[in-house]
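The structure under discussion appears below in the form of structure tokens.
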Amino acid sequence: MRVIKKQWLLFMTVGLLACGNERGQRFDFSGTVATGSGDDAGQYIKAWISETDVKKDFPKINEKKVAPDLFAFYSNREFSPAWNTNTAQELLNLLQHLDREGLNPEAYPIQELRSLLDTARTDRASAESVARLDVWLSASYLKLADMIATGKVNPDKFGKSWHIKPQAPDTLYTHLQKAVNGRIDASLDYFRPRFAQYNKLRQHLQTYQKILDEGGWPTIEKGDKLKPGDADSRLATIRKRLYLTGDLATPPDQWQQPTLFDSLLVKAVNRYQARNGLAVEAAITDNLVAVMNVPVETRLKQIMLNLDRIRWFASGDMPDTYVLVNIPEYRLRVYEGGKAIKQMKVVVGKEMNATPIFSDMIEYAEFSPYWNVPTSIATKELWPKIKASTGYQRRHHYEILDGWGNNARVVSRSRVNWNNLSSYRIRQKPGPWNALGKVKFMFPNEYAIYLHDTPADHLFDERERAFSHGCIRVEDPAWMADWLFPQFTRQQVTEKMNNNRHEVVRLDKKIPVYIFYLTTFEDEEGRLNFREDLYELDKQLTSEFDSMI
């Protein structure tokens with residue numbers, strides 16, 4: 001999503017020659033001249049940095065990754081030092097509090113930077129130590145900017161399920177120049193995802209970190225199921241647990257009967273259930289208690305993992321209009337102008353037929369669609385039934401075609417060569433019986449995934465809705481078609497969906513669609529939600545995330 005024009009690059013490169021410390025200026029870190037002049041420190045910098053590598057060892061810095069940008073930055077300023085005490089301290093403060101970004105401060109040479117900065121504030125700083133500090137600060141900034149832009153973990157490690165690639169930022173050194181000019185956090189904003197959930201989760205991360213710092217939440221003992229009106233000593237602990245996470249607004253000093261399951265506690269329990277994807281009921285069960293007892297450390301890690309996945313997903317600005325499916329939430333949202341204007345339930349792939357995570361463009365819709373049965377489903381489920389029963393094909397409105405091309409012809413069951421089924425295709429005719437329902441929304445992709453209607457509407461009543469072979473069934477396809485095709489009235493859309501005549505209609509403008517995976521997110525009411533790790537992507541990411549500093 002991040003695009004940088006060649007003309008802009010040229011302008012910025014020329015501009016760098018005119019900004020920052022001027023050539024020959026002495027390097028000043030403390031308000032008095034340091035032991036070595038800027039030119040002397042610059043000689044060290046020049047000796048340590050080349051176009052392809054960093055010749056000096058700077059622990060905790062990925063030298064191959066930052067070397068080209070370091071060289072571009074310092075060569076444009078003829079290798080003169082760039083940082084001063086104020087900007088150095090600002091970057092150090094930011095690195096010390098990287099947990100607010102969901103990242104680990106230990107990944108950066110904070111102790112070494114602090115020691116060098118303390119020395120640079122005195123008259124004992126040598127030109128070499130000034131140069132070392134300057135390069136280390138610049139390299140730390142570049143590493144941080146790249147990590148915020150593309151994630152701590154490389155998503156290529158999850159290639160079987162994850163197919164959205166982060167876009168590596170261009171010209172990091174131009175943003176480094178903004179940083180040394182005193183706009184460090186503002187320059188990093190360029191790299192932070194503009195997907196709204198990113199900043200929302202960062203705020204919730206701080207809230208949960210505060211809960212941890214203050215001792216976490218209490219463990220609730222298991223016991224009998226509790227219903228409204230029950231009295232139980234465990235209810236006081238449950239109240240405290242719900243108060244800490246904002247589900248219960250009434251503070252402890254106003255609890256008149258803390259061990260009674262009263263109406264206020266029922267509402268708090270229901271809020272907690274809803275934002276954790278649990279069945280909303282006026283009861284406290286062992287299952288609810290088990291979810292409440294998930295440690296705050298685990299929830300913090302869950303937020304961090306999702307922040308990293310957002311970094312993989314959202315490079316730069318989001319489009320003005322798009323469709324987003326969140327798989328663990330079983331929900332689709334339509335966005336216009338950055339705001340969700342519609343949401344609806346979806347059915348996604350079973351764990352063994354996991355819906356892949358990817359992005360594409362909705363190009364057209366098929367009203368009264370045929371369902372071309374995937375080979376895997378045909379082989380395992382349909383061919384044996386069609387062969388065994390002469391009436392099965394007719395009862396379920398299937399056709400057999402002699403190939404997969406546009407010129408394939410319908411053939412009768414009696415003419416099928418049962419020893420060579422790979423040359424045939426099964427498709428289901430349009431109609432209320434069709435597995436795709438009355439319309440499907442197409443964004444052609446290598447995974448053969450699309451959005452579609454379904455005759456099995458009862459599945460939307462289920463709380464957990466992983467039932468499909470991978471494609472995504474939508475709860476309100478008529479609304480979706482009406483939104484995608486403003487040139488049609490709702491009546492026209494309804495007619496197209498119900499006339500049983502296959503029709504392809506292309507969108508006037510393609511719409512981005514994102515099939516995404518968030519197990520924690522803020523809902524429309526500002527509440528932090530958690531969901532089960534349906535495809536165990538949190539579990540897979542945790543080991544990689546924790547193994548990297």
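Going through the structure tokens in order, the chains are called A, B, and so on, while each chain numbers its residues from 1 and the ligands are numbered from 1 in the order shown.
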
Looking only at the backbone, which of the residues in stretch 270-407 of chain A does DSSP tag as helix (DSSP H, G or I), as JSON, numbers by chain? {"A": [270, 271, 272, 273, 274, 275, 286, 287, 288, 289, 290, 291, 292, 296, 297, 298, 299, 300, 301, 302, 303, 304, 305, 306, 307, 308, 309, 310, 311, 312, 313, 327, 328, 329, 351, 352, 353, 375, 376, 377, 378, 379, 380, 381, 382, 383, 384, 385, 386, 387, 388, 392, 393, 394, 395]}

Got a sec: who's within 7 Å of stretch 306-313 of chain A, counting only C-alpha atoms, leaving out chain neighbours fewer than 2 positions off, as number ranges by chain? A: 102, 148-152, 155, 164-166, 193, 198, 302-304, 315, 518-520

Pick the closest to A:Thr207 from A:Val266, A:Ala41, A:Leu528, A:Arg183: which is it, counting only C-alpha atoms? A:Leu528

Pick out the residues sitting within 6 Å of A:Trp371, and hand them over as a VMD selection string; count only C-alpha atoms, and ignore anything fewer than 2 positions along from it in its own chain. chain A and resid 373 427 to 428

Go ahead and save the picked residues with N, CA, C and O atoms, as an mmCIF file, in the first residue's frame.
data_model
loop_
_atom_site.group_PDB
_atom_site.id
_atom_site.type_symbol
_atom_site.label_atom_id
_atom_site.label_comp_id
_atom_site.auth_asym_id
_atom_site.auth_seq_id
_atom_site.Cartn_x
_atom_site.Cartn_y
_atom_site.Cartn_z
ATOM 1 N N VAL A 373 -18.104 -28.486 -8.224
ATOM 2 C CA VAL A 373 -17.648 -29.203 -7.031
ATOM 3 C C VAL A 373 -16.139 -29.426 -7.108
ATOM 4 O O VAL A 373 -15.636 -29.988 -8.085
ATOM 5 N N ARG A 427 -21.094 -30.524 -11.319
ATOM 6 C CA ARG A 427 -21.568 -29.208 -10.915
ATOM 7 C C ARG A 427 -23.026 -29.309 -10.505
ATOM 8 O O ARG A 427 -23.782 -30.166 -10.997
ATOM 9 N N GLN A 428 -23.420 -28.405 -9.628
ATOM 10 C CA GLN A 428 -24.795 -28.371 -9.147
ATOM 11 C C GLN A 428 -25.531 -27.216 -9.821
ATOM 12 O O GLN A 428 -24.998 -26.105 -9.917
#

Neighbour list for stretch 321-328 of chain A as a ChimeraX atom specification, cut-off 6 Å, only C-alpha atoms, skip fewer than 3 positions in-chain: /A:331-336,511-517,519,534

All heavy atoms of the current selection, written as a short mmCIF file (atom, residue, chain, number, x, y, z; two decimals), in the first residue's frame:
data_model
loop_
_atom_site.label_atom_id
_atom_site.label_comp_id
_atom_site.auth_asym_id
_atom_site.auth_seq_id
_atom_site.Cartn_x
_atom_site.Cartn_y
_atom_site.Cartn_z
N ARG A 331 -16.97 -13.30 11.43
CA ARG A 331 -17.71 -12.07 11.13
C ARG A 331 -17.07 -11.32 9.97
O ARG A 331 -15.85 -11.30 9.81
CB ARG A 331 -17.78 -11.17 12.36
CG ARG A 331 -18.80 -10.05 12.27
CD ARG A 331 -19.11 -9.49 13.65
NE ARG A 331 -19.82 -10.45 14.49
CZ ARG A 331 -21.14 -10.60 14.52
NH1 ARG A 331 -21.91 -9.85 13.75
NH2 ARG A 331 -21.71 -11.49 15.30
N LEU A 332 -17.95 -10.70 9.15
CA LEU A 332 -17.53 -9.86 8.03
C LEU A 332 -17.97 -8.43 8.31
O LEU A 332 -19.08 -8.20 8.81
CB LEU A 332 -18.15 -10.38 6.73
CG LEU A 332 -17.98 -9.58 5.44
CD1 LEU A 332 -18.00 -10.52 4.23
CD2 LEU A 332 -19.05 -8.50 5.26
N ARG A 333 -17.09 -7.48 7.97
CA ARG A 333 -17.43 -6.06 8.08
C ARG A 333 -17.16 -5.36 6.76
O ARG A 333 -16.16 -5.66 6.09
CB ARG A 333 -16.64 -5.39 9.21
CG ARG A 333 -17.09 -5.79 10.60
CD ARG A 333 -16.26 -5.11 11.67
NE ARG A 333 -16.74 -5.42 13.02
CZ ARG A 333 -16.43 -6.52 13.70
NH1 ARG A 333 -15.61 -7.42 13.13
NH2 ARG A 333 -16.92 -6.74 14.90
N VAL A 334 -18.03 -4.42 6.42
CA VAL A 334 -17.85 -3.58 5.24
C VAL A 334 -17.48 -2.19 5.74
O VAL A 334 -18.16 -1.62 6.61
CB VAL A 334 -19.13 -3.52 4.40
CG1 VAL A 334 -18.99 -2.51 3.27
CG2 VAL A 334 -19.45 -4.91 3.84
N TYR A 335 -16.38 -1.66 5.19
CA TYR A 335 -15.87 -0.35 5.62
C TYR A 335 -16.00 0.68 4.51
O TYR A 335 -15.72 0.38 3.34
CB TYR A 335 -14.40 -0.45 6.02
CG TYR A 335 -14.16 -1.19 7.31
CD1 TYR A 335 -14.08 -2.58 7.34
CD2 TYR A 335 -13.99 -0.50 8.50
CE1 TYR A 335 -13.86 -3.27 8.51
CE2 TYR A 335 -13.77 -1.18 9.69
CZ TYR A 335 -13.70 -2.56 9.69
OH TYR A 335 -13.48 -3.23 10.86
N GLU A 336 -16.42 1.86 4.90
CA GLU A 336 -16.41 3.02 4.00
C GLU A 336 -15.86 4.20 4.80
O GLU A 336 -16.32 4.46 5.92
CB GLU A 336 -17.82 3.35 3.49
CG GLU A 336 -18.33 2.39 2.44
CD GLU A 336 -19.68 2.82 1.87
OE1 GLU A 336 -20.22 3.85 2.33
OE2 GLU A 336 -20.20 2.12 0.98
N ILE A 511 -13.43 -3.97 -5.49
CA ILE A 511 -13.42 -3.67 -4.06
C ILE A 511 -12.40 -4.58 -3.36
O ILE A 511 -12.47 -5.80 -3.50
CB ILE A 511 -14.81 -3.89 -3.44
CG1 ILE A 511 -15.86 -3.00 -4.11
CG2 ILE A 511 -14.77 -3.65 -1.94
CD1 ILE A 511 -15.68 -1.54 -3.87
N PRO A 512 -11.46 -4.00 -2.59
CA PRO A 512 -10.51 -4.84 -1.84
C PRO A 512 -11.23 -5.70 -0.81
O PRO A 512 -12.18 -5.27 -0.16
CB PRO A 512 -9.59 -3.82 -1.16
CG PRO A 512 -9.77 -2.54 -1.92
CD PRO A 512 -11.18 -2.56 -2.41
N VAL A 513 -10.74 -6.92 -0.67
CA VAL A 513 -11.26 -7.82 0.35
C VAL A 513 -10.07 -8.42 1.09
O VAL A 513 -9.09 -8.82 0.48
CB VAL A 513 -12.17 -8.92 -0.25
CG1 VAL A 513 -11.45 -9.75 -1.29
CG2 VAL A 513 -12.74 -9.82 0.85
N TYR A 514 -10.18 -8.47 2.41
CA TYR A 514 -9.12 -9.02 3.25
C TYR A 514 -9.69 -10.17 4.07
O TYR A 514 -10.67 -9.99 4.80
CB TYR A 514 -8.57 -7.94 4.20
CG TYR A 514 -7.99 -6.75 3.49
CD1 TYR A 514 -8.78 -5.62 3.25
CD2 TYR A 514 -6.68 -6.74 3.03
CE1 TYR A 514 -8.26 -4.52 2.60
CE2 TYR A 514 -6.15 -5.64 2.37
CZ TYR A 514 -6.95 -4.53 2.16
OH TYR A 514 -6.45 -3.44 1.50
N ILE A 515 -9.09 -11.32 3.95
CA ILE A 515 -9.44 -12.45 4.79
C ILE A 515 -8.37 -12.49 5.87
O ILE A 515 -7.21 -12.82 5.60
CB ILE A 515 -9.46 -13.78 3.99
CG1 ILE A 515 -10.19 -13.59 2.65
CG2 ILE A 515 -10.10 -14.88 4.82
CD1 ILE A 515 -11.62 -13.13 2.77
N PHE A 516 -8.75 -12.14 7.10
CA PHE A 516 -7.76 -11.84 8.13
C PHE A 516 -7.97 -12.73 9.35
O PHE A 516 -8.95 -13.48 9.44
CB PHE A 516 -7.85 -10.35 8.50
CG PHE A 516 -6.63 -9.81 9.18
CD1 PHE A 516 -5.36 -10.14 8.75
CD2 PHE A 516 -6.76 -8.97 10.28
CE1 PHE A 516 -4.23 -9.64 9.38
CE2 PHE A 516 -5.65 -8.45 10.92
CZ PHE A 516 -4.38 -8.80 10.47
N TYR A 517 -7.04 -12.62 10.31
CA TYR A 517 -7.06 -13.50 11.49
C TYR A 517 -6.66 -12.72 12.72
O TYR A 517 -5.48 -12.53 13.01
CB TYR A 517 -6.09 -14.67 11.26
CG TYR A 517 -6.25 -15.83 12.21
CD1 TYR A 517 -7.09 -16.90 11.89
CD2 TYR A 517 -5.55 -15.89 13.41
CE1 TYR A 517 -7.23 -17.98 12.75
CE2 TYR A 517 -5.67 -16.96 14.28
CZ TYR A 517 -6.51 -18.01 13.94
OH TYR A 517 -6.65 -19.09 14.79
N THR A 519 -7.34 -12.72 16.82
CA THR A 519 -7.95 -13.37 17.99
C THR A 519 -8.19 -12.39 19.12
O THR A 519 -8.74 -12.77 20.15
CB THR A 519 -7.06 -14.52 18.49
OG1 THR A 519 -5.76 -13.99 18.83
CG2 THR A 519 -6.91 -15.61 17.44
N LEU A 534 -8.66 -20.51 16.50
CA LEU A 534 -9.30 -21.55 15.69
C LEU A 534 -8.30 -22.41 14.93
O LEU A 534 -8.38 -23.64 14.93
CB LEU A 534 -10.29 -20.88 14.72
CG LEU A 534 -11.00 -21.78 13.72
CD1 LEU A 534 -11.85 -22.82 14.45
CD2 LEU A 534 -11.88 -20.95 12.78
#

Given only C-alpha atoms as the basis, pick out the residue of A:Gly405, A:Thr379, A:Met318, A:Glu462 nearest to A:Arg194.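 Looking at the shortest contact to A:Arg194, the residue is A:Met318.
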
Could you list, as JSON, numbers by chain, every residue within 12 Å of A:Leu94, counting only C-alpha atoms and ignoring same-chain residues fewer than 2 positions away? {"A": [87, 88, 89, 90, 91, 92, 96, 97, 98, 99, 100, 101, 103, 104, 105, 108, 110, 137, 140, 141, 144, 145, 179, 184, 185, 186, 188]}

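What separates atom CA of A:Val289 from atom CA of A:Arg239 is a distance of 12.1 Å.
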
Which one of A:Val505, A:Leu278, A:Met147, A:Ala231 sits closest to A:Gln257 if you count only C-alpha atoms? A:Ala231

How many Å lie between atom CA of A:Ile45 and atom CA of A:Arg132, rounded to one decimal? 7.6 Å

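Take the candidates A:Glu366, A:Asp118, A:Asp253, A:Asp320 and check each one against A:Arg501 using only C-alpha atoms; the shortest distance goes to A:Glu366.
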
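Put simply, atom CA of A:Asp360 is 24.8 Å away from atom CA of A:Arg531.
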
Extract, using only C-alpha atoms, all DNA, RNA and protein residues at most 10 Å from A:Leu265, discarding same-chain residues fewer than 6 positions from it, and format them as a PDB file with all heavy atoms, in the first residue's frame.
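The file below, part-v3.pdb, is the result:
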ATOM      1  N   PRO A 228     -28.625 -16.536  38.746  1.00  0.00           N
ATOM      2  CA  PRO A 228     -29.076 -15.322  39.438  1.00  0.00           C
ATOM      3  C   PRO A 228     -29.830 -15.655  40.719  1.00  0.00           C
ATOM      4  O   PRO A 228     -30.664 -16.566  40.748  1.00  0.00           O
ATOM      5  CB  PRO A 228     -29.990 -14.646  38.407  1.00  0.00           C
ATOM      6  CG  PRO A 228     -29.448 -15.105  37.090  1.00  0.00           C
ATOM      7  CD  PRO A 228     -28.998 -16.529  37.315  1.00  0.00           C
ATOM      8  N   LEU A 235     -18.362 -15.480  44.426  1.00  0.00           N
ATOM      9  CA  LEU A 235     -18.884 -14.338  43.675  1.00  0.00           C
ATOM     10  C   LEU A 235     -18.132 -13.049  43.992  1.00  0.00           C
ATOM     11  O   LEU A 235     -18.025 -12.156  43.143  1.00  0.00           O
ATOM     12  CB  LEU A 235     -20.378 -14.166  43.947  1.00  0.00           C
ATOM     13  CG  LEU A 235     -21.267 -15.260  43.338  1.00  0.00           C
ATOM     14  CD1 LEU A 235     -22.688 -15.145  43.872  1.00  0.00           C
ATOM     15  CD2 LEU A 235     -21.256 -15.174  41.820  1.00  0.00           C
ATOM     16  N   ILE A 238     -15.212 -13.189  41.723  1.00  0.00           N
ATOM     17  CA  ILE A 238     -15.667 -12.967  40.350  1.00  0.00           C
ATOM     18  C   ILE A 238     -15.935 -11.483  40.113  1.00  0.00           C
ATOM     19  O   ILE A 238     -15.606 -10.928  39.058  1.00  0.00           O
ATOM     20  CB  ILE A 238     -16.912 -13.832  40.046  1.00  0.00           C
ATOM     21  CG1 ILE A 238     -16.512 -15.312  40.005  1.00  0.00           C
ATOM     22  CG2 ILE A 238     -17.567 -13.405  38.737  1.00  0.00           C
ATOM     23  CD1 ILE A 238     -17.678 -16.263  39.936  1.00  0.00           C
ATOM     24  N   ARG A 239     -16.530 -10.814  41.108  1.00  0.00           N
ATOM     25  CA  ARG A 239     -16.764  -9.372  40.983  1.00  0.00           C
ATOM     26  C   ARG A 239     -15.446  -8.628  40.784  1.00  0.00           C
ATOM     27  O   ARG A 239     -15.337  -7.741  39.942  1.00  0.00           O
ATOM     28  CB  ARG A 239     -17.460  -8.835  42.241  1.00  0.00           C
ATOM     29  CG  ARG A 239     -18.936  -9.100  42.318  1.00  0.00           C
ATOM     30  CD  ARG A 239     -19.530  -8.476  43.564  1.00  0.00           C
ATOM     31  NE  ARG A 239     -20.903  -8.896  43.753  1.00  0.00           N
ATOM     32  CZ  ARG A 239     -21.954  -8.332  43.172  1.00  0.00           C
ATOM     33  NH1 ARG A 239     -21.779  -7.287  42.380  1.00  0.00           N
ATOM     34  NH2 ARG A 239     -23.174  -8.775  43.388  1.00  0.00           N
ATOM     35  N   LEU A 242     -14.105  -9.151  37.266  1.00  0.00           N
ATOM     36  CA  LEU A 242     -14.846  -8.401  36.256  1.00  0.00           C
ATOM     37  C   LEU A 242     -14.630  -6.900  36.393  1.00  0.00           C
ATOM     38  O   LEU A 242     -14.641  -6.170  35.396  1.00  0.00           O
ATOM     39  CB  LEU A 242     -16.335  -8.733  36.339  1.00  0.00           C
ATOM     40  CG  LEU A 242     -16.694 -10.181  35.983  1.00  0.00           C
ATOM     41  CD1 LEU A 242     -18.166 -10.457  36.266  1.00  0.00           C
ATOM     42  CD2 LEU A 242     -16.376 -10.488  34.526  1.00  0.00           C
ATOM     43  N   ASP A 247     -15.666  -4.880  33.008  1.00  0.00           N
ATOM     44  CA  ASP A 247     -16.977  -5.469  32.728  1.00  0.00           C
ATOM     45  C   ASP A 247     -17.991  -5.084  33.804  1.00  0.00           C
ATOM     46  O   ASP A 247     -19.181  -4.980  33.533  1.00  0.00           O
ATOM     47  CB  ASP A 247     -16.855  -6.992  32.633  1.00  0.00           C
ATOM     48  CG  ASP A 247     -15.912  -7.417  31.525  1.00  0.00           C
ATOM     49  OD1 ASP A 247     -16.291  -7.284  30.345  1.00  0.00           O
ATOM     50  OD2 ASP A 247     -14.786  -7.851  31.827  1.00  0.00           O
ATOM     51  N   LEU A 248     -17.496  -4.867  35.008  1.00  0.00           N
ATOM     52  CA  LEU A 248     -18.317  -4.394  36.122  1.00  0.00           C
ATOM     53  C   LEU A 248     -17.833  -2.991  36.481  1.00  0.00           C
ATOM     54  O   LEU A 248     -16.680  -2.798  36.867  1.00  0.00           O
ATOM     55  CB  LEU A 248     -18.179  -5.331  37.333  1.00  0.00           C
ATOM     56  CG  LEU A 248     -18.963  -4.935  38.589  1.00  0.00           C
ATOM     57  CD1 LEU A 248     -20.470  -5.001  38.332  1.00  0.00           C
ATOM     58  CD2 LEU A 248     -18.583  -5.843  39.759  1.00  0.00           C
ATOM     59  N   ALA A 249     -18.727  -2.009  36.343  1.00  0.00           N
ATOM     60  CA  ALA A 249     -18.326  -0.616  36.557  1.00  0.00           C
ATOM     61  C   ALA A 249     -18.329  -0.227  38.037  1.00  0.00           C
ATOM     62  O   ALA A 249     -17.588   0.665  38.451  1.00  0.00           O
ATOM     63  CB  ALA A 249     -19.259   0.310  35.775  1.00  0.00           C
ATOM     64  N   THR A 250     -19.145  -0.885  38.830  1.00  0.00           N
ATOM     65  CA  THR A 250     -19.285  -0.507  40.243  1.00  0.00           C
ATOM     66  C   THR A 250     -18.018  -0.848  41.017  1.00  0.00           C
ATOM     67  O   THR A 250     -17.601  -2.009  41.046  1.00  0.00           O
ATOM     68  CB  THR A 250     -20.478  -1.244  40.873  1.00  0.00           C
ATOM     69  OG1 THR A 250     -21.632  -1.060  40.062  1.00  0.00           O
ATOM     70  CG2 THR A 250     -20.741  -0.723  42.279  1.00  0.00           C
ATOM     71  N   PRO A 258     -21.543  -8.475  48.006  1.00  0.00           N
ATOM     72  CA  PRO A 258     -20.578  -8.993  47.033  1.00  0.00           C
ATOM     73  C   PRO A 258     -20.699 -10.483  46.755  1.00  0.00           C
ATOM     74  O   PRO A 258     -20.239 -10.957  45.710  1.00  0.00           O
ATOM     75  CB  PRO A 258     -19.224  -8.670  47.677  1.00  0.00           C
ATOM     76  CG  PRO A 258     -19.508  -8.491  49.125  1.00  0.00           C
ATOM     77  CD  PRO A 258     -20.881  -7.925  49.211  1.00  0.00           C
ATOM     78  N   ARG A 271     -21.582  -9.138  29.650  1.00  0.00           N
ATOM     79  CA  ARG A 271     -20.613  -8.345  28.887  1.00  0.00           C
ATOM     80  C   ARG A 271     -19.325  -9.142  28.667  1.00  0.00           C
ATOM     81  O   ARG A 271     -18.758  -9.144  27.574  1.00  0.00           O
ATOM     82  CB  ARG A 271     -20.316  -7.027  29.617  1.00  0.00           C
ATOM     83  CG  ARG A 271     -21.296  -5.907  29.317  1.00  0.00           C
ATOM     84  CD  ARG A 271     -20.789  -4.569  29.817  1.00  0.00           C
ATOM     85  NE  ARG A 271     -20.822  -4.484  31.281  1.00  0.00           N
ATOM     86  CZ  ARG A 271     -21.854  -4.028  31.973  1.00  0.00           C
ATOM     87  NH1 ARG A 271     -22.958  -3.625  31.351  1.00  0.00           N
ATOM     88  NH2 ARG A 271     -21.808  -3.974  33.295  1.00  0.00           N
ATOM     89  N   ALA A 282     -27.374 -16.185  31.630  1.00  0.00           N
ATOM     90  CA  ALA A 282     -27.383 -15.743  33.027  1.00  0.00           C
ATOM     91  C   ALA A 282     -26.912 -16.888  33.903  1.00  0.00           C
ATOM     92  O   ALA A 282     -27.675 -17.453  34.712  1.00  0.00           O
ATOM     93  CB  ALA A 282     -28.777 -15.272  33.422  1.00  0.00           C
TER      94      ALA A 282
END

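In this comparison, which uses only C-alpha atoms, the residue of A:Ala365, A:Ala283, A:Ala82, A:Ile211 approaching A:Ser263 most closely is A:Ala283.
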
May I have the residues within 10 Å of A:Tyr74 as an mmCIF file with N, CA and C atoms, in the first residue's frame, using only C-alpha atoms and disregarding those fewer than 5 positions away in the same chain?
data_model
loop_
_atom_site.group_PDB
_atom_site.id
_atom_site.type_symbol
_atom_site.label_atom_id
_atom_site.label_comp_id
_atom_site.auth_asym_id
_atom_site.auth_seq_id
_atom_site.Cartn_x
_atom_site.Cartn_y
_atom_site.Cartn_z
ATOM 1 N N LEU A 16 18.427 16.013 1.474
ATOM 2 C CA LEU A 16 19.226 15.571 2.595
ATOM 3 C C LEU A 16 20.584 16.256 2.636
ATOM 4 N N GLY A 42 33.499 11.626 12.207
ATOM 5 C CA GLY A 42 33.063 11.247 10.872
ATOM 6 C C GLY A 42 34.014 10.281 10.187
ATOM 7 N N ILE A 45 33.111 6.889 11.432
ATOM 8 C CA ILE A 45 31.845 6.461 10.813
ATOM 9 C C ILE A 45 32.095 5.998 9.386
ATOM 10 N N LYS A 46 32.861 6.761 8.650
ATOM 11 C CA LYS A 46 33.149 6.414 7.257
ATOM 12 C C LYS A 46 33.892 5.087 7.161
ATOM 13 N N ILE A 49 31.326 1.963 7.861
ATOM 14 C CA ILE A 49 30.108 1.743 7.071
ATOM 15 C C ILE A 49 30.439 1.696 5.590
ATOM 16 N N SER A 50 29.900 0.699 4.903
ATOM 17 C CA SER A 50 30.006 0.639 3.445
ATOM 18 C C SER A 50 28.610 0.459 2.869
ATOM 19 N N ASP A 69 20.926 1.465 4.255
ATOM 20 C CA ASP A 69 20.304 2.723 4.673
ATOM 21 C C ASP A 69 21.251 3.560 5.520
ATOM 22 N N PHE A 79 29.203 11.780 6.169
ATOM 23 C CA PHE A 79 29.609 10.976 7.319
ATOM 24 C C PHE A 79 29.748 11.767 8.617
ATOM 25 N N SER A 80 29.206 12.961 8.660
ATOM 26 C CA SER A 80 29.248 13.721 9.908
ATOM 27 C C SER A 80 28.220 13.156 10.887
ATOM 28 N N PRO A 81 28.494 13.194 12.203
ATOM 29 C CA PRO A 81 27.536 12.701 13.207
ATOM 30 C C PRO A 81 26.202 13.435 13.106
ATOM 31 N N ALA A 82 25.150 12.770 13.540
ATOM 32 C CA ALA A 82 23.798 13.298 13.304
ATOM 33 C C ALA A 82 23.028 13.600 14.581
ATOM 34 N N VAL A 135 26.340 5.950 15.324
ATOM 35 C CA VAL A 135 25.955 4.858 14.418
ATOM 36 C C VAL A 135 24.983 3.914 15.107
ATOM 37 N N SER A 138 21.553 5.432 15.096
ATOM 38 C CA SER A 138 20.961 5.394 13.750
ATOM 39 C C SER A 138 20.533 3.984 13.389
ATOM 40 N N TYR A 173 16.241 5.757 5.287
ATOM 41 C CA TYR A 173 17.170 6.800 5.715
ATOM 42 C C TYR A 173 16.544 8.196 5.660
ATOM 43 N N GLN A 177 16.468 10.868 8.868
ATOM 44 C CA GLN A 177 16.809 12.286 8.883
ATOM 45 C C GLN A 177 15.771 13.085 9.671
#
